[in-house]
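Shown next: structure_0.txt, given as compact mmCIF, C-alpha atoms and all ligand atoms.
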```txt
# COMPACT_ATOMS: atom_id res chain seq x y z
CA MET O 10 67.87 141.81 104.26
CA THR O 11 70.39 144.61 104.45
CA ARG O 12 72.19 146.40 107.20
CA SER O 13 71.83 150.16 107.05
CA ASP O 14 74.49 152.71 107.95
CA THR O 15 72.93 153.08 111.37
CA GLY O 16 73.53 149.40 112.06
CA SER O 17 69.87 148.36 112.09
CA TRP O 18 68.73 145.29 110.17
CA GLN O 19 66.16 145.62 107.46
CA LEU O 20 64.22 142.55 106.58
CA HIS O 21 62.91 141.96 103.06
CA CYS O 22 61.24 138.73 103.98
CA PRO O 23 57.60 137.77 104.65
CA VAL O 24 58.07 137.58 108.42
CA PRO O 25 56.78 140.30 110.73
CA PHE O 26 59.63 142.31 112.20
CA THR O 27 59.60 141.77 115.96
CA ALA O 28 60.82 143.65 119.00
CA ASP O 29 64.41 144.84 119.26
CA ASP O 30 65.28 142.37 122.00
CA ASP O 31 64.26 139.42 119.83
CA ARG O 32 67.76 139.09 118.45
CA VAL O 33 70.69 136.77 118.53
CA MET O 34 72.96 137.39 121.53
CA LEU O 35 76.44 136.07 122.21
CA ALA O 36 74.94 133.93 124.98
CA HIS O 37 73.01 131.99 122.31
CA GLY O 38 76.28 130.40 121.29
CA GLU O 39 77.82 129.73 124.68
CA GLY O 40 76.48 126.28 125.49
CA GLY O 41 74.04 127.20 128.27
CA ARG O 42 70.29 127.32 128.61
CA MET O 43 69.89 130.04 125.98
CA MET O 44 71.72 127.96 123.41
CA ARG O 45 69.69 124.87 124.23
CA ARG O 46 66.47 126.86 123.86
CA LEU O 47 67.59 128.42 120.59
CA ILE O 48 68.43 125.01 119.13
CA ALA O 49 65.30 123.29 120.41
CA GLN O 50 62.79 126.07 119.78
CA ARG O 51 64.20 127.85 116.75
CA ILE O 52 66.31 125.39 114.77
CA VAL O 53 65.38 121.72 115.27
CA LYS O 54 61.66 122.43 114.82
CA HIS O 55 62.29 123.19 111.15
CA PHE O 56 63.95 119.81 110.51
CA PRO O 57 61.72 117.20 112.16
CA GLY O 58 63.54 114.10 110.87
CA PRO O 59 64.16 111.29 113.35
CA THR O 60 67.94 111.76 113.58
CA LEU O 61 68.41 115.46 114.38
CA SER O 62 65.79 115.51 117.13
CA ARG O 63 67.91 113.10 119.21
CA LEU O 64 70.52 115.87 119.57
CA GLU O 65 73.39 113.43 119.99
CA ASP O 66 77.04 114.19 119.41
CA ALA O 67 77.01 112.35 116.09
CA ALA O 68 74.26 111.28 113.74
CA THR O 69 74.11 107.53 113.20
CA LEU O 70 73.23 106.81 109.59
CA PRO O 71 72.09 103.53 108.05
CA ASP O 72 74.17 101.57 105.55
CA LEU O 73 73.23 102.96 102.14
CA GLY O 74 74.46 99.83 100.40
CA GLY O 75 77.02 101.22 97.99
CA PRO O 76 79.45 104.02 97.17
CA LEU O 77 78.71 107.43 98.65
CA ALA O 78 79.26 110.96 97.40
CA LEU O 79 80.21 113.70 99.87
CA SER O 80 80.20 117.43 99.21
CA THR O 81 80.59 120.48 101.42
CA ASP O 82 80.12 124.18 100.84
CA SER O 83 79.93 127.41 102.83
CA PHE O 84 77.47 130.18 102.05
CA VAL O 85 78.23 133.82 102.78
CA VAL O 86 75.96 135.52 100.25
CA SER O 87 75.09 139.17 100.81
CA PRO O 88 72.26 140.15 101.00
CA LEU O 89 70.67 137.12 102.71
CA PHE O 90 67.48 137.49 100.65
CA PHE O 91 67.56 138.34 96.95
CA PRO O 92 65.05 138.07 94.10
CA GLY O 93 64.57 134.39 93.33
CA GLY O 94 66.25 133.00 96.44
CA ASP O 95 67.87 133.35 99.84
CA ILE O 96 70.81 131.92 101.78
CA GLY O 97 68.67 129.07 103.17
CA ARG O 98 67.63 127.69 99.79
CA LEU O 99 71.09 128.34 98.40
CA ALA O 100 72.75 126.35 101.21
CA VAL O 101 70.58 123.31 100.50
CA PHE O 102 70.47 123.46 96.69
CA GLY O 103 74.16 124.39 96.37
CA THR O 104 75.40 121.27 98.12
CA THR O 105 72.72 118.89 96.84
CA ASN O 106 73.26 120.09 93.25
CA ASP O 107 76.93 119.11 93.57
CA LEU O 108 75.82 115.63 94.64
CA ALA O 109 73.21 115.41 91.88
CA VAL O 110 75.57 116.32 89.03
CA SER O 111 78.03 113.73 90.38
CA GLY O 112 75.44 110.99 89.88
CA ALA O 113 74.29 110.78 93.49
CA GLU O 114 70.90 110.84 95.16
CA PRO O 115 71.21 113.31 98.08
CA ARG O 116 70.20 111.66 101.36
CA TYR O 117 71.65 113.47 104.37
CA LEU O 118 72.72 117.00 105.11
CA THR O 119 74.48 118.79 107.94
CA LEU O 120 73.71 122.44 108.53
CA SER O 121 76.05 124.66 110.53
CA LEU O 122 75.24 128.25 111.37
CA ILE O 123 77.52 131.16 112.20
CA LEU O 124 75.27 133.91 113.51
CA ALA O 125 76.21 137.53 114.10
CA GLU O 126 75.18 139.04 117.41
CA GLY O 127 72.17 141.30 116.78
CA LEU O 128 70.63 139.26 113.96
CA PRO O 129 66.83 139.31 114.40
CA LEU O 130 65.61 135.85 115.35
CA ALA O 131 62.79 136.37 112.82
CA VAL O 132 65.41 136.44 110.07
CA LEU O 133 66.93 133.19 111.34
CA ASP O 134 63.45 131.62 111.39
CA CYS O 135 62.78 132.73 107.85
CA VAL O 136 66.11 131.42 106.53
CA LEU O 137 65.64 128.07 108.25
CA GLN O 138 62.08 127.80 106.95
CA ARG O 139 63.36 128.28 103.41
CA ALA O 140 66.15 125.76 103.98
CA ALA O 141 63.62 123.25 105.31
CA GLU O 142 61.38 123.70 102.27
CA ALA O 143 64.35 123.18 99.97
CA ALA O 144 65.44 120.06 101.88
CA ALA O 145 61.92 118.64 101.61
CA GLN O 146 61.87 119.36 97.88
CA VAL O 147 65.14 117.49 97.34
CA GLY O 148 64.23 114.68 99.77
CA VAL O 149 67.29 115.17 101.94
CA GLU O 150 67.22 114.83 105.76
CA VAL O 151 69.09 117.34 107.94
CA VAL O 152 70.78 115.06 110.46
CA ALA O 153 73.38 117.19 112.25
CA GLY O 154 74.31 120.79 112.78
CA ASP O 155 76.19 123.35 114.80
CA THR O 156 75.48 126.88 116.01
CA LYS O 157 78.08 129.54 116.79
CA VAL O 158 77.57 133.22 117.56
CA VAL O 159 80.20 135.84 116.84
CA THR O 160 80.32 139.56 117.67
CA ARG O 161 78.43 141.80 115.29
CA ASP O 162 81.59 143.14 113.67
CA ALA O 163 82.97 139.63 113.01
CA ALA O 164 80.30 138.49 110.55
CA ASP O 165 77.63 139.92 108.35
CA GLY O 166 74.32 138.54 109.61
CA LEU O 167 74.48 134.84 108.98
CA PHE O 168 76.78 132.30 107.35
CA ILE O 169 75.83 128.68 106.66
CA ASN O 170 77.88 125.58 105.95
CA THR O 171 76.22 122.46 104.60
CA THR O 172 77.73 119.04 104.00
CA GLY O 173 75.76 116.52 101.99
CA VAL O 174 75.94 112.75 101.71
CA GLY O 175 74.45 111.04 98.70
CA ARG O 176 74.17 107.51 97.41
CA ILE O 177 75.75 106.96 94.01
CA VAL O 178 73.04 105.53 91.78
CA PRO O 179 74.28 103.93 88.53
CA PRO O 180 74.66 104.97 85.82
CA ALA O 181 76.79 107.84 87.12
CA PRO O 182 78.43 109.99 84.43
CA PRO O 183 82.07 109.00 83.81
CA GLY O 184 83.14 112.64 84.31
CA PRO O 185 84.96 115.32 82.36
CA ARG O 186 88.06 113.19 81.70
CA ALA O 187 85.82 111.12 79.40
CA LEU O 188 85.13 114.05 77.05
CA GLN O 189 85.95 113.25 73.42
CA PRO O 190 86.12 115.30 70.22
CA GLY O 191 82.64 115.39 68.71
CA ASP O 192 80.83 115.46 72.07
CA GLN O 193 78.20 118.18 72.32
CA LEU O 194 77.71 120.73 75.06
CA ILE O 195 74.38 121.70 76.48
CA VAL O 196 73.55 124.48 78.93
CA SER O 197 70.40 123.82 80.93
CA GLY O 198 68.97 127.36 80.89
CA PRO O 199 69.62 131.10 80.53
CA ILE O 200 72.92 132.04 82.19
CA GLY O 201 74.12 134.75 84.57
CA ARG O 202 70.88 135.08 86.50
CA HIS O 203 72.13 134.40 90.03
CA GLY O 204 75.18 136.66 90.02
CA ILE O 205 73.31 139.58 88.46
CA ALA O 206 70.30 139.17 90.79
CA VAL O 207 72.58 139.29 93.85
CA LEU O 208 74.61 142.19 92.50
CA CYS O 209 71.51 144.25 91.74
CA ALA O 210 70.02 143.48 95.18
CA ARG O 211 73.24 144.35 97.00
CA GLU O 212 73.99 147.53 95.14
CA GLU O 213 70.31 148.50 95.05
CA LEU O 214 70.38 148.89 91.27
CA ALA O 215 66.80 149.75 90.44
CA LEU O 216 66.21 147.51 87.43
CA GLU O 217 62.50 146.89 86.85
CA PRO O 218 61.55 144.14 87.24
CA PRO O 219 64.54 143.08 89.37
CA PRO O 220 66.55 140.22 87.79
CA GLN O 221 65.71 136.86 89.39
CA SER O 222 68.25 134.27 90.51
CA ASP O 223 68.01 130.78 89.01
CA CYS O 224 68.53 129.34 92.55
CA GLY O 225 66.96 125.88 92.35
CA SER O 226 67.46 122.14 92.39
CA LEU O 227 69.08 120.28 89.50
CA LEU O 228 68.33 116.88 91.01
CA GLN O 229 65.33 115.99 88.87
CA ALA O 230 67.05 117.00 85.63
CA ALA O 231 70.36 115.33 86.50
CA THR O 232 68.63 112.09 87.47
CA ALA O 233 66.49 112.05 84.33
CA ILE O 234 69.37 112.65 81.96
CA ARG O 235 71.76 110.08 83.37
CA GLN O 236 69.02 107.44 83.50
CA ARG O 237 68.12 108.10 79.87
CA LEU O 238 71.59 108.55 78.38
CA GLY O 239 73.77 106.31 80.55
CA GLU O 240 77.44 106.76 79.64
CA ARG O 241 76.47 108.91 76.66
CA CYS O 242 76.10 111.60 79.33
CA ARG O 243 79.83 112.25 79.81
CA ALA O 244 79.71 114.90 82.51
CA MET O 245 77.44 117.37 84.28
CA ARG O 246 78.49 120.37 86.36
CA ASP O 247 76.56 123.24 87.87
CA ALA O 248 78.04 126.50 86.58
CA THR O 249 78.43 128.33 89.90
CA ARG O 250 81.33 130.67 90.71
CA GLY O 251 83.23 131.57 87.55
CA GLY O 252 80.11 130.82 85.51
CA VAL O 253 80.03 128.80 82.30
CA THR O 254 83.57 129.91 81.40
CA ALA O 255 85.06 128.27 84.49
CA VAL O 256 83.40 124.91 83.74
CA LEU O 257 84.56 124.98 80.12
CA HIS O 258 88.17 125.60 81.20
CA GLU O 259 88.02 122.88 83.88
CA TRP O 260 86.65 120.35 81.41
CA SER O 261 89.10 121.27 78.68
CA ALA O 262 92.00 120.75 81.09
CA ALA O 263 90.57 117.48 82.47
CA ALA O 264 90.31 115.80 79.03
CA ASP O 265 93.09 117.70 77.20
CA VAL O 266 90.64 118.78 74.53
CA SER O 267 89.39 122.13 73.30
CA ILE O 268 85.83 123.35 73.54
CA GLU O 269 84.18 125.62 70.98
CA ILE O 270 81.02 127.50 71.76
CA ASP O 271 78.78 129.63 69.60
CA ALA O 272 77.98 132.98 71.28
CA ALA O 273 74.68 133.32 69.43
CA ALA O 274 73.48 129.98 70.84
CA VAL O 275 74.18 130.85 74.50
CA PRO O 276 70.84 131.68 76.17
CA VAL O 277 70.85 135.01 78.01
CA SER O 278 67.59 136.70 78.99
CA ALA O 279 67.05 140.29 77.87
CA ASP O 280 67.26 141.72 81.41
CA ILE O 281 70.52 139.93 82.23
CA ARG O 282 72.02 140.94 78.90
CA ALA O 283 71.06 144.58 79.53
CA ALA O 284 72.46 144.52 83.08
CA CYS O 285 75.72 142.94 81.88
CA GLU O 286 76.12 145.56 79.15
CA LEU O 287 75.45 148.33 81.66
CA LEU O 288 78.02 146.93 84.11
CA GLY O 289 80.61 145.80 81.57
CA LEU O 290 80.29 142.12 82.54
CA ASP O 291 80.26 139.00 80.36
CA PRO O 292 77.33 136.69 81.31
CA LEU O 293 79.57 133.70 80.54
CA HIS O 294 81.65 134.64 83.62
CA ILE O 295 78.68 135.21 85.95
CA ALA O 296 77.61 132.66 88.57
CA ASN O 297 74.51 130.49 88.28
CA GLU O 298 72.89 128.51 91.11
CA GLY O 299 70.48 126.22 89.28
CA THR O 300 71.96 125.91 85.81
CA MET O 301 74.35 123.21 84.62
CA LEU O 302 76.49 122.24 81.68
CA VAL O 303 76.05 118.77 80.27
CA ALA O 304 78.46 117.10 77.85
CA VAL O 305 76.90 114.33 75.79
CA ALA O 306 78.19 111.96 73.11
CA ALA O 307 77.89 113.01 69.46
CA GLY O 308 74.36 112.37 68.29
CA ALA O 309 72.82 112.31 71.78
CA ALA O 310 72.06 116.03 72.05
CA ASP O 311 68.48 115.92 70.76
CA GLU O 312 67.58 113.13 73.17
CA ALA O 313 69.27 115.00 76.04
CA LEU O 314 67.44 118.23 75.19
CA ALA O 315 64.09 116.45 75.14
CA VAL O 316 64.78 115.04 78.63
CA LEU O 317 65.94 118.38 80.06
CA ARG O 318 63.13 120.40 78.54
CA ALA O 319 60.56 118.17 80.23
CA VAL O 320 61.85 119.33 83.66
CA PRO O 321 60.77 122.85 84.75
CA GLN O 322 64.19 123.89 86.13
CA THR O 323 65.89 123.06 82.80
CA ALA O 324 63.03 123.78 80.38
CA GLN O 325 65.14 126.18 78.31
CA ALA O 326 68.11 123.84 77.78
CA THR O 327 69.95 124.32 74.53
CA THR O 328 73.10 123.18 72.72
CA ILE O 329 75.89 125.77 72.80
CA GLY O 330 78.98 124.06 71.44
CA ARG O 331 81.14 121.02 70.93
CA VAL O 332 84.36 119.34 71.97
CA THR O 333 87.26 119.32 69.50
CA ALA O 334 90.77 117.90 69.44
CA ARG O 335 93.11 120.06 71.49
CA GLN O 336 93.94 123.38 69.84
CA LEU O 337 96.21 126.19 71.00
CA ALA O 338 93.38 127.77 73.02
CA PRO O 339 91.51 125.53 75.47
CA VAL O 340 88.17 127.32 75.00
CA LEU O 341 87.05 129.18 71.87
CA ILE O 342 84.00 131.28 71.16
CA THR O 343 82.56 132.31 67.80
CA ARG O 344 80.91 135.70 68.05
CA THR O 345 78.84 137.42 65.36
CA LEU O 346 81.76 138.37 63.14
CA GLY O 347 84.89 136.42 62.33
CA GLY O 348 86.18 133.03 63.34
CA PRO O 349 86.63 131.41 66.74
CA GLN O 350 88.45 133.53 69.35
CA PRO O 351 89.96 132.36 72.64
CA LEU O 352 87.61 132.72 75.63
CA ASP O 353 89.80 133.47 78.63
CA GLU O 354 89.01 132.68 82.22
CA PRO O 355 88.54 135.73 84.45
CA ALA O 356 91.51 136.10 86.80
CA GLY O 357 89.25 136.45 89.83
CA ALA O 358 85.61 136.83 90.72
CA PRO O 359 83.88 139.83 89.14
CA LEU O 360 81.45 139.78 92.11
CA PRO O 361 82.43 138.79 95.64
CA ARG O 362 80.06 137.03 98.08
CA ILE O 363 77.52 135.79 95.62
CA CYS O 364 77.09 132.36 97.25
MG MG F 401 79.48 122.42 91.58
```

Can you dump the structure from the file as structure tokens?
Amino acid sequence: MTRSDTGSWQLHCPVPFTADDDRVMLAHGEGGRMMRRLIAQRIVKHFPGPTLSRLEDAATLPDLGGPLALSTDSFVVSPLFFPGGDIGRLAVFGTTNDLAVSGAEPRYLTLSLILAEGLPLAVLDCVLQRAAEAAAQVGVEVVAGDTKVVTRDAADGLFINTTGVGRIVPPAPPGPRALQPGDQLIVSGPIGRHGIAVLCAREELALEPPPQSDCGSLLQAATAIRQRLGERCRAMRDATRGGVTAVLHEWSAAADVSIEIDAAAVPVSADIRAACELLGLDPLHIANEGTMLVAVAAGAADEALAVLRAVPQTAQATTIGRVTARQLAPVLITRTLGGPQPLDEPAGAPLPRIC
């Protein structure tokens, strides 16, 4: 969905566009009858779990019988719908992926909405429908939420915050501080798809076919790999903002090691490579929303790849590099010619508002 220069909303979503008065108004956020109706008729119906429907001040959750993982994230992506995903799916998968790569089974989610006055209610319905489908896929229950409305110039359509609670299920990966020289690095699929899909949709770059985001759940893959490898799976992390480069720098710093990757081994689809060349971007710096890095002990890569490739979301997993003793540069890349060169972190985001 985009907002045109005339201020009207255009919906690229399989929901019929309804009358002009069927829009979010400031009164929908002011605590009265209109807000109650909006919540009851437009929001809660998408999340029919037993807890949310009580509409109490706080959700009461059962004892999950062990350590919990908690993660929160806000989603401000523009446009709200893009090839391969939308803000609703992103808000559920983004937070539950962070739980999954931490060794947790996502169980509960909060969902808070900041709506701009004038947003068509059909767009809200569509976003919530997608969020509900994603929550059902992951097996997470939406148990609490909040709705605020701001004036049309104070926000761009719709922002979402989600907070997820998960139950840590052993064996959880020990984490990046456990990385050791000799460990191998795997990327779970072709990189750069989300950031380029959003950029092309926002800037209306007419690439045919339009690049698709990798927006999706990593839960199945993360669960399978930690169950199979145990502590030989050192760390997992979804390569979101900052892309693969950001994760490599974070891990190098956490374990005081260096990481070497082989450029020729990094999977990049032909359309993303072409778009990056056109725009002067490095796919290693571009955000992903359903692709993770996995560090595994020396000798465990083939087993890890077999596990990942059996899961649709990570079917194109491949080994891209290894951990070495600390060198001068924290992250090195070997390109076609010459020896390893430092791979710097970008100073800031090449693309704003991609998640
Ligand atoms: Mg993450």

Discussion item. I'd like the contact shell of stretch 323-339 of chain O - 8 Å cut-off, all atoms listed in the file, skipping same-chain residues fewer than 4 positions apart - returned as JSON, numbers by chain.
Written reply: {"O": [188, 189, 190, 191, 192, 193, 194, 195, 196, 197, 198, 199, 227, 230, 258, 261, 262, 265, 266, 267, 268, 269, 270, 271, 272, 274, 275, 276, 300, 310, 314, 317, 318, 319, 351]}

Could you build a table of the residues in chain O lying no more than 8 Å from ligand MG 401 (chain F), giving for each the nearest pair of atoms and their separation in Å rounded to one decimal place, using only C-alpha atoms and all ligand atoms, ordered by chain and ascending residue number, as a Markdown table?
```
| residue | atom | partner | partner_atom | distance |
| --- | --- | --- | --- | --- |
| O:Gly103 | CA | F:MG401 | MG | 7.4 |
| O:Thr104 | CA | F:MG401 | MG | 7.8 |
| O:Asn106 | CA | F:MG401 | MG | 6.8 |
| O:Asp107 | CA | F:MG401 | MG | 4.6 |
| O:Val110 | CA | F:MG401 | MG | 7.7 |
| O:Arg246 | CA | F:MG401 | MG | 5.7 |
| O:Asp247 | CA | F:MG401 | MG | 4.8 |
| O:Ala248 | CA | F:MG401 | MG | 6.6 |
| O:Thr249 | CA | F:MG401 | MG | 6.2 |
```

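If all atoms listed in the file are the atoms counted, then among O:Ala36, O:Ala163, O:Leu228, O:Val86 the closest residue to O:Phe102 is O:Leu228.
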
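Here the question is which of O:Ala309, O:Ala231, O:Leu137, O:Ala100 gets nearest to O:Ile48 using all atoms listed in the file, and that residue is O:Leu137.
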
Kindly assemble as JSON lines a list of the stretch 45-130 of chain O residues that lie within 12 Å of stretch 165-172 of chain O, each paired with its nearest atom pair and their distance in Å to one decimal, using only C-alpha atoms, sorted first by chain and then by ascending residue number.
```
{"residue": "O:Ala78", "atom": "CA", "partner": "O:Thr172", "partner_atom": "CA", "distance": 10.5}
{"residue": "O:Leu79", "atom": "CA", "partner": "O:Thr172", "partner_atom": "CA", "distance": 7.2}
{"residue": "O:Ser80", "atom": "CA", "partner": "O:Thr172", "partner_atom": "CA", "distance": 5.6}
{"residue": "O:Thr81", "atom": "CA", "partner": "O:Thr172", "partner_atom": "CA", "distance": 4.1}
{"residue": "O:Asp82", "atom": "CA", "partner": "O:Thr171", "partner_atom": "CA", "distance": 5.7}
{"residue": "O:Ser83", "atom": "CA", "partner": "O:Asn170", "partner_atom": "CA", "distance": 4.2}
{"residue": "O:Phe84", "atom": "CA", "partner": "O:Ile169", "partner_atom": "CA", "distance": 5.1}
{"residue": "O:Val85", "atom": "CA", "partner": "O:Phe168", "partner_atom": "CA", "distance": 5.0}
{"residue": "O:Val86", "atom": "CA", "partner": "O:Phe168", "partner_atom": "CA", "distance": 7.8}
{"residue": "O:Ser87", "atom": "CA", "partner": "O:Asp165", "partner_atom": "CA", "distance": 8.0}
{"residue": "O:Pro88", "atom": "CA", "partner": "O:Gly166", "partner_atom": "CA", "distance": 9.0}
{"residue": "O:Leu89", "atom": "CA", "partner": "O:Leu167", "partner_atom": "CA", "distance": 7.7}
{"residue": "O:Phe90", "atom": "CA", "partner": "O:Leu167", "partner_atom": "CA", "distance": 11.2}
{"residue": "O:Asp95", "atom": "CA", "partner": "O:Leu167", "partner_atom": "CA", "distance": 11.4}
{"residue": "O:Ile96", "atom": "CA", "partner": "O:Ile169", "partner_atom": "CA", "distance": 7.7}
{"residue": "O:Gly97", "atom": "CA", "partner": "O:Ile169", "partner_atom": "CA", "distance": 8.0}
{"residue": "O:Arg98", "atom": "CA", "partner": "O:Ile169", "partner_atom": "CA", "distance": 10.7}
{"residue": "O:Leu99", "atom": "CA", "partner": "O:Ile169", "partner_atom": "CA", "distance": 9.5}
{"residue": "O:Ala100", "atom": "CA", "partner": "O:Thr171", "partner_atom": "CA", "distance": 6.2}
{"residue": "O:Val101", "atom": "CA", "partner": "O:Thr171", "partner_atom": "CA", "distance": 7.0}
{"residue": "O:Phe102", "atom": "CA", "partner": "O:Thr171", "partner_atom": "CA", "distance": 9.8}
{"residue": "O:Gly103", "atom": "CA", "partner": "O:Thr171", "partner_atom": "CA", "distance": 8.7}
{"residue": "O:Thr104", "atom": "CA", "partner": "O:Thr171", "partner_atom": "CA", "distance": 6.6}
{"residue": "O:Thr105", "atom": "CA", "partner": "O:Thr172", "partner_atom": "CA", "distance": 8.7}
{"residue": "O:Asn106", "atom": "CA", "partner": "O:Thr172", "partner_atom": "CA", "distance": 11.7}
{"residue": "O:Asp107", "atom": "CA", "partner": "O:Thr172", "partner_atom": "CA", "distance": 10.5}
{"residue": "O:Leu108", "atom": "CA", "partner": "O:Thr172", "partner_atom": "CA", "distance": 10.1}
{"residue": "O:Pro115", "atom": "CA", "partner": "O:Thr172", "partner_atom": "CA", "distance": 10.5}
{"residue": "O:Arg116", "atom": "CA", "partner": "O:Thr172", "partner_atom": "CA", "distance": 10.9}
{"residue": "O:Tyr117", "atom": "CA", "partner": "O:Thr172", "partner_atom": "CA", "distance": 8.3}
{"residue": "O:Leu118", "atom": "CA", "partner": "O:Thr172", "partner_atom": "CA", "distance": 5.5}
{"residue": "O:Thr119", "atom": "CA", "partner": "O:Thr172", "partner_atom": "CA", "distance": 5.1}
{"residue": "O:Leu120", "atom": "CA", "partner": "O:Thr171", "partner_atom": "CA", "distance": 4.7}
{"residue": "O:Ser121", "atom": "CA", "partner": "O:Asn170", "partner_atom": "CA", "distance": 5.0}
{"residue": "O:Leu122", "atom": "CA", "partner": "O:Ile169", "partner_atom": "CA", "distance": 4.8}
{"residue": "O:Ile123", "atom": "CA", "partner": "O:Phe168", "partner_atom": "CA", "distance": 5.0}
{"residue": "O:Leu124", "atom": "CA", "partner": "O:Leu167", "partner_atom": "CA", "distance": 4.7}
{"residue": "O:Ala125", "atom": "CA", "partner": "O:Gly166", "partner_atom": "CA", "distance": 5.0}
{"residue": "O:Glu126", "atom": "CA", "partner": "O:Gly166", "partner_atom": "CA", "distance": 7.9}
{"residue": "O:Gly127", "atom": "CA", "partner": "O:Gly166", "partner_atom": "CA", "distance": 8.0}
{"residue": "O:Leu128", "atom": "CA", "partner": "O:Gly166", "partner_atom": "CA", "distance": 5.7}
{"residue": "O:Pro129", "atom": "CA", "partner": "O:Gly166", "partner_atom": "CA", "distance": 8.9}
{"residue": "O:Leu130", "atom": "CA", "partner": "O:Gly166", "partner_atom": "CA", "distance": 10.8}
```

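Between atom CA of O:Met245 and atom CA of O:Pro183 the interatomic distance comes to 9.6 Å.
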
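What separates atom CA of O:Ala181 from atom CA of O:Trp260 is a distance of 16.9 Å.
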
Item to complete: Give the answer as one residue: which of O:Leu341, O:Cys135, O:Leu216, O:Ala109 has the shortest atom-to-atom distance to O:Gly148, using all atoms listed in the file?
Response: O:Ala109

Worksheet item: Counting all atoms listed in the file, which of O:Glu142, O:Met301, O:Leu352, O:Ser222 gets nearest to O:Ala210?
Response: O:Ser222

Worksheet item: Pick the closest to O:Ala279 from O:Gly58, O:Gly201, O:Gly225, O:Gly112: which is it, counting only C-alpha atoms?
Response: O:Gly201

Item to complete: For atom CA of O:Val132 and atom CA of O:Arg32, quote the distance in Å rounded to one decimal.
Response: 9.1 Å

Fill in: O:Arg176 surroundings by only C-alpha atoms, 6 Å radius, close-in-sequence under 5 positions cut, as a PyMOL selection string
chain O and resi 77+113-114

Worksheet, complete the sentence: Residue with the minimum atom-to-atom distance to O:Asp291, picked from O:Gln350, O:Arg235, O:Ile205, O:Gln229 with all atoms listed in the file counted, is O:Ile205

I'd like the neighbourhood of stretch 61-69 of chain O as an mmCIF file with C-alpha atoms, in the frame of the given file, where a residue qualifies if any of its atoms comes within 9 Å (using all atoms listed in the file), though same-chain residues fewer than 4 positions away should be ignored.
```cif
data_model
loop_
_atom_site.group_PDB
_atom_site.id
_atom_site.type_symbol
_atom_site.label_atom_id
_atom_site.label_comp_id
_atom_site.auth_asym_id
_atom_site.auth_seq_id
_atom_site.Cartn_x
_atom_site.Cartn_y
_atom_site.Cartn_z
ATOM 1 C CA ALA O 49 65.300 123.290 120.410
ATOM 2 C CA VAL O 53 65.380 121.720 115.270
ATOM 3 C CA LYS O 54 61.660 122.430 114.820
ATOM 4 C CA PHE O 56 63.950 119.810 110.510
ATOM 5 C CA PRO O 57 61.720 117.200 112.160
ATOM 6 C CA GLU O 150 67.220 114.830 105.760
ATOM 7 C CA VAL O 151 69.090 117.340 107.940
ATOM 8 C CA VAL O 152 70.780 115.060 110.460
ATOM 9 C CA ALA O 153 73.380 117.190 112.250
ATOM 10 C CA GLY O 154 74.310 120.790 112.780
#
```
